[in-house]
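Working notes for the structure below.
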Amino acid sequence: MEQFDVSERRICRVLNQPRSTQRYLPRVRNGEALLTERMIELATKYGRYGYRRITALLQREGFQINHKRVERLWRKEDLKVPQKQPKRKRLWFNDGSCIRLRPQFKDHVWSYDFVATRTEDGRPLRILTLIDEYTRECLVLKVARRLRSPDILEQLGYLFIYRGLPGFIRSDNGPEFTAKAVRNWLKRLGVQTLFIEPGSPWENGYNESFNGKLRDELLNGEIFTTLLEAKVLIENWRNEYNQFRPHSSLNYQPPAPVTIKPKVEILT
């Protein structure tokens with residue numbers, strides 16, 4: 001219209017565009033600015049959460065929205081949607097079976113593994129990660145320069161007293177887990193061990209998935225100056241993971257949300 005000095009009607013006819021489309025003005029809903037602002041705040045604070053987890057957090061705060069609306073605003077604000085997790089192969093065993101023991105209830109199957117990182121001075125850190133496969137709750141994130149089988153026994157002993165005995169514990173074939181002291185001690189307590197096939201980390205999929213979240217959401221974005229700082233930050237992340245972070249496998253609820261006690265009125 002500016003270039004050829006003709007009417008809108010004629011331009012729409014030439015471009016085969018309905019005039020109603022040309023004249024349409026998007027309607028901004030009430031509270032859209034507040035919703036967008038809060039969405040950006042959450043996306044900034046939890047940089048590795050996608051729009052679905054942000055939707056769960058917003059709904060938890062009282063916003064009456066669905067994921068489609070958040071996705072529209074997410075794309076409008078040019079926020080990055082994380083890529084989907086790649087598909088994995090089936091869990092085939094050496095005997096040709098494709099079945100493994102799956103957790104049926106709380107404390108049925110625990111799984112543990114190690115994650116490695118470093119402090120700023122280049123010295124290594126080892127993190128023992130232990131989760132309940134059924135509830136997805138992280139039971140332990142023990143951080144130390146070195147972790148050996150006695151450290152495993154000490155941590156498991158504390159958990160057994162505090163939480164009770166699990167039915168099974170799943171792990172890889174690392175020397176800390178296959179040590180005779182560990183296996184004999186667990187056998188005396190009646191806890192059965194499940195060792196995955198060598199070179200098959202997907203058989204310990206629950207723990208491997210958790211380790212990936214830990215590395216993606218914390219370890220890759222933090223520089224630990226000291227061992228004490230690493231312990232504090234990692235434990236804070238564990239509490240956030242258990243009590244706040246929406247988990248997609250739990251209908252976007254945290255594995256162990258904080259219980260809110262009802263207020264009791266005292267009559268005088």
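Ordering of the structure tokens sets the chain letters (A, B, ...); residue numbers start at 1 within each chain; ligands are numbered from 1 in the order shown.
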**OP:** Among the residues of stretch 53-173 of chain A, find those DSSP assigns to alpha helix (DSSP H) from the backbone and print them as a PyMOL selection string.
**Re:** chain A and resi 53-60+67-76+149-163
Subject >> Near-A:His247 list (12 Å; only C-alpha atoms; drop same-chain fewer than 4 positions) as a VMD selection string >> reply: chain A and resid 49 to 50 52 to 54 56 to 57 135 to 137 209 to 210 213 240 to 243 251 to 257
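Proximity ranking of A:Leu194, A:Arg69, A:Asp5, A:Gln59 relative to A:Arg29 places A:Arg69 first, based on only C-alpha atoms.
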Could you name the residues that touch A:Glu77 at 10 Å or less, counting only C-alpha atoms, but leaving out those on the same chain fewer than 6 positions away, as an mmCIF file with N, CA, C and O atoms, in the first residue's frame?
```
data_model
loop_
_atom_site.group_PDB
_atom_site.id
_atom_site.type_symbol
_atom_site.label_atom_id
_atom_site.label_comp_id
_atom_site.auth_asym_id
_atom_site.auth_seq_id
_atom_site.Cartn_x
_atom_site.Cartn_y
_atom_site.Cartn_z
ATOM 1 N N THR A 36 3.411 -14.088 31.586
ATOM 2 C CA THR A 36 4.650 -14.106 30.809
ATOM 3 C C THR A 36 5.846 -13.760 31.682
ATOM 4 O O THR A 36 6.908 -14.396 31.591
ATOM 5 N N MET A 39 6.609 -16.698 33.914
ATOM 6 C CA MET A 39 7.163 -17.787 33.117
ATOM 7 C C MET A 39 8.639 -17.544 32.828
ATOM 8 O O MET A 39 9.470 -18.459 32.939
ATOM 9 N N ILE A 40 8.983 -16.312 32.465
ATOM 10 C CA ILE A 40 10.383 -15.975 32.176
ATOM 11 C C ILE A 40 11.232 -16.086 33.433
ATOM 12 O O ILE A 40 12.377 -16.554 33.395
ATOM 13 N N GLU A 71 3.201 -22.961 25.977
ATOM 14 C CA GLU A 71 4.061 -23.204 24.811
ATOM 15 C C GLU A 71 4.002 -22.036 23.826
ATOM 16 O O GLU A 71 5.018 -21.635 23.259
#
```
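Remark: for A:Pro246, the closest of the candidate residues A:Arg60, A:Asp216, A:Ser20, A:Asp113 is A:Arg60 (distances computed over only C-alpha atoms).
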Subject >> Shell of 10 Å around A:Arg48, only C-alpha atoms, local chain residues under 3 positions omitted, as a PyMOL selection string >> reply: chain A and resi 43-45+51+53+80-82+213+216-218
Subject >> atom CA of A:Pro103 to atom CA of A:Ser248, distance in Å rounded to a single decimal >> reply: 17.3 Å
